[in-house]
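Visitor: Got a structure for you, questions after.
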Amino acid sequence: MKIIVEKNYEEMSKRAALEMVNIINEKPNCVLGLATGSTPEGLYKELIKLNKEGKVDFSKATTINLDEYVGLSGEHSQSYRYFMNDRLFNHINVDKSRTFVPNGLAENIELECKNYDERIAKLGGIDIQLLGIGNNGHIGFNEPADYLSMDTHLTDLAKSTIEANSRFFDNIDEVPKKAITMGLGGIMRARKILLIASGASKAEIIAKIAEGKITTQVPASILQVHHDVTIIVDEEAGALIRK
Ligand code: PGA
């Protein structure tokens with residue numbers, strides 16, 4: 001794992017944007033695995049800026065997101081489809097028909113999951129997968145558990161995830177309890193993985209995933225096995241890394 005510590009959130013975002021832009025410029029028809037959450041917002045702002053300045057072109061790129069809440073339509077302001085349109089896709093020259101987020105309203109969720117994995121395979125795999133990290137070590141919505149799933153699947157959100165995400169809803173009862181998430185297989189098959197984290201609240205989990213034992217109770221710890229992972233943190237999130 002390559003760990004890069006930047007001074008603050010802004011620098012972390014800029015550095016992460018640069019990593020992504022390098023991939024897109026090298027391979028304009030690349031497949032970008034994208035993530036939602038507070039952490040990538042600065043990175044997406046930077047990508048929009050670079051796109052407007054003509055420094056990166058998304059016209060041939062395809063994007064595929066990690067996850068979506070079950071029960072929310074793409075028009076719901078807290079759905080991840082809405083988030084992606086609002087924070088990135090509406091502001092860059094990507095072809096929207098080549099941006100993929102699981103359908104949280106799919107009637108047959110099992111089929112939706114199967115089709116999602118088939119889509120990734122048909123696209124030729126993911127060139128760079130962006131990840132945030134939950135305080136409990138989840139990536140996508142692969143929550144701590146005795147067993148982890150390789151494939152895209154329906155999952156129950158952990159209590160700590162529901163609590164963490166309730167900040168975006170009027171009250172905790174409105175937070176969906178289930179989600180569709182890419183599995184560990186989809187993530188680990190990406191050719192390159194870029195994980196970003198910011199703030200003191202992420203320091204403990206970052207040290208655990210970078211230096212701790214590999215365990216299904218900390219799903220992101222499996223990233224230690226991947227051959228090309230870059231973790232970009234700000235100083236606060238990197239404060240407990242020993243090496
Ligand atoms: P955050 O979420 O970026 O909002 O902290 C990260 C995650 O839960 O994966």
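Just remember, in the structure tokens the first chain shown is A, the second B, etc., residues are 1-based per chain, and ligands are 1-based in the order shown.
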How would you write, as a ChimeraX atom specification, the set of residues no farther than 9 Å from ligand 1 when counting only C-alpha atoms and all ligand atoms?

Guide: /A:35-41,131-141,161,164-165,196-198,201-202

Visitor: Only C-alpha atoms, please: the residues just picked out, written as a short mmCIF file (atom, residue, chain, number, x, y, z; two decimals), in the first residue's frame.

Guide:
data_model
loop_
_atom_site.label_atom_id
_atom_site.label_comp_id
_atom_site.auth_asym_id
_atom_site.auth_seq_id
_atom_site.Cartn_x
_atom_site.Cartn_y
_atom_site.Cartn_z
CA ALA A 35 -17.88 6.60 -4.48
CA THR A 36 -20.27 8.84 -2.58
CA GLY A 37 -20.04 10.38 0.90
CA SER A 38 -18.64 13.62 2.26
CA THR A 39 -15.02 12.72 1.62
CA PRO A 40 -15.00 12.75 -2.22
CA GLU A 41 -16.90 16.03 -2.54
CA LEU A 131 -13.12 4.47 -2.05
CA GLY A 132 -14.04 6.32 1.09
CA ILE A 133 -13.84 4.50 4.38
CA GLY A 134 -16.50 4.06 7.05
CA ASN A 135 -15.47 4.43 10.68
CA ASN A 136 -16.27 0.73 11.02
CA GLY A 137 -13.97 -0.19 8.12
CA HIS A 138 -16.63 -0.67 5.48
CA ILE A 139 -15.88 -0.05 1.81
CA GLY A 140 -18.90 0.50 -0.36
CA PHE A 141 -21.50 -1.00 1.96
CA THR A 161 -23.58 3.25 9.33
CA ALA A 164 -23.42 8.01 10.67
CA ASN A 165 -25.61 8.61 7.61
CA ILE A 196 -9.23 8.77 0.58
CA ALA A 197 -9.89 9.83 4.17
CA SER A 198 -9.91 13.08 6.06
CA SER A 201 -12.37 10.63 13.28
CA LYS A 202 -10.83 8.46 10.54
#

Visitor: Name all residues at most 10 Å from Pro28 of chain A (count only C-alpha atoms; drop same-chain ones fewer than 6 positions away) and give them as a JSON list (two decimals) with N, CA and C atoms, in the first residue's frame.

Guide:
[["chain", "number", "residue", "atom", "x", "y", "z"],
["A", 21, "VAL", "N", -7.06, 11.96, -12.78],
["A", 21, "VAL", "CA", -6.85, 12.63, -14.07],
["A", 21, "VAL", "C", -5.74, 11.93, -14.86],
["A", 22, "ASN", "N", -4.70, 11.51, -14.17],
["A", 22, "ASN", "CA", -3.62, 10.81, -14.86],
["A", 22, "ASN", "C", -4.14, 9.56, -15.56],
["A", 56, "VAL", "N", -8.91, 17.82, -18.42],
["A", 56, "VAL", "CA", -9.33, 16.42, -18.43],
["A", 56, "VAL", "C", -10.66, 16.32, -19.19],
["A", 57, "ASP", "N", -10.77, 15.23, -19.94],
["A", 57, "ASP", "CA", -11.93, 15.04, -20.82],
["A", 57, "ASP", "C", -12.62, 13.74, -20.44],
["A", 58, "PHE", "N", -13.89, 13.83, -20.06],
["A", 58, "PHE", "CA", -14.63, 12.64, -19.63],
["A", 58, "PHE", "C", -15.49, 12.06, -20.75],
["A", 59, "SER", "N", -15.38, 12.61, -21.97],
["A", 59, "SER", "CA", -16.37, 12.26, -23.00],
["A", 59, "SER", "C", -16.33, 10.79, -23.40],
["A", 60, "LYS", "N", -15.20, 10.14, -23.19],
["A", 60, "LYS", "CA", -15.13, 8.72, -23.56],
["A", 60, "LYS", "C", -15.14, 7.79, -22.34],
["A", 61, "ALA", "N", -15.18, 8.38, -21.16],
["A", 61, "ALA", "CA", -15.09, 7.57, -19.94],
["A", 61, "ALA", "C", -16.43, 6.95, -19.56],
["A", 62, "THR", "N", -16.35, 5.86, -18.81],
["A", 62, "THR", "CA", -17.54, 5.23, -18.23],
["A", 62, "THR", "C", -17.36, 5.26, -16.72]]

Visitor: Given only C-alpha atoms, how would the per-residue table for segment 101-216 of chain A near segment 238-243 of chain A read, listing every residue at most 9 Å away with its closest atom pair and distance in Å to one decimal, sorted by chain and number, as JSON lines?

Guide:
{"residue": "A:Ala197", "atom": "CA", "partner": "A:Gly238", "partner_atom": "CA", "distance": 8.5}
{"residue": "A:Ser198", "atom": "CA", "partner": "A:Gly238", "partner_atom": "CA", "distance": 8.2}
{"residue": "A:Gly199", "atom": "CA", "partner": "A:Gly238", "partner_atom": "CA", "distance": 8.5}
{"residue": "A:Ala200", "atom": "CA", "partner": "A:Ala239", "partner_atom": "CA", "distance": 7.7}
{"residue": "A:Lys202", "atom": "CA", "partner": "A:Gly238", "partner_atom": "CA", "distance": 8.2}
{"residue": "A:Ala203", "atom": "CA", "partner": "A:Gly238", "partner_atom": "CA", "distance": 5.7}
{"residue": "A:Glu204", "atom": "CA", "partner": "A:Leu240", "partner_atom": "CA", "distance": 6.4}
{"residue": "A:Ile206", "atom": "CA", "partner": "A:Gly238", "partner_atom": "CA", "distance": 6.9}
{"residue": "A:Ala207", "atom": "CA", "partner": "A:Ile241", "partner_atom": "CA", "distance": 4.9}
{"residue": "A:Lys208", "atom": "CA", "partner": "A:Ile241", "partner_atom": "CA", "distance": 8.4}
{"residue": "A:Ala210", "atom": "CA", "partner": "A:Ile241", "partner_atom": "CA", "distance": 7.6}
{"residue": "A:Glu211", "atom": "CA", "partner": "A:Ile241", "partner_atom": "CA", "distance": 7.6}

Visitor: Mind dumping the selected residues with C-alpha atoms as a short mmCIF file (atom, residue, chain, number, x, y, z; two decimals), in the first residue's frame?

Guide:
data_model
loop_
_atom_site.label_atom_id
_atom_site.label_comp_id
_atom_site.auth_asym_id
_atom_site.auth_seq_id
_atom_site.Cartn_x
_atom_site.Cartn_y
_atom_site.Cartn_z
CA ALA A 197 -9.89 9.83 4.17
CA SER A 198 -9.91 13.08 6.06
CA GLY A 199 -10.25 14.23 9.66
CA ALA A 200 -9.34 12.92 13.11
CA LYS A 202 -10.83 8.46 10.54
CA ALA A 203 -7.34 8.21 12.12
CA GLU A 204 -7.99 4.98 14.02
CA ILE A 206 -6.83 4.27 8.68
CA ALA A 207 -4.10 2.92 10.99
CA LYS A 208 -6.04 -0.35 11.29
CA ALA A 210 -2.91 0.12 6.76
CA GLU A 211 -1.14 -1.77 9.53
#

Visitor: Check the DSSP output for the backbone and give back, as a PyMOL selection string, the residues of segment 14-228 of chain A in alpha helix (DSSP H).

Guide: chain A and resi 14-26+41-52+80-87+109-122+159-165+184-188+203-211
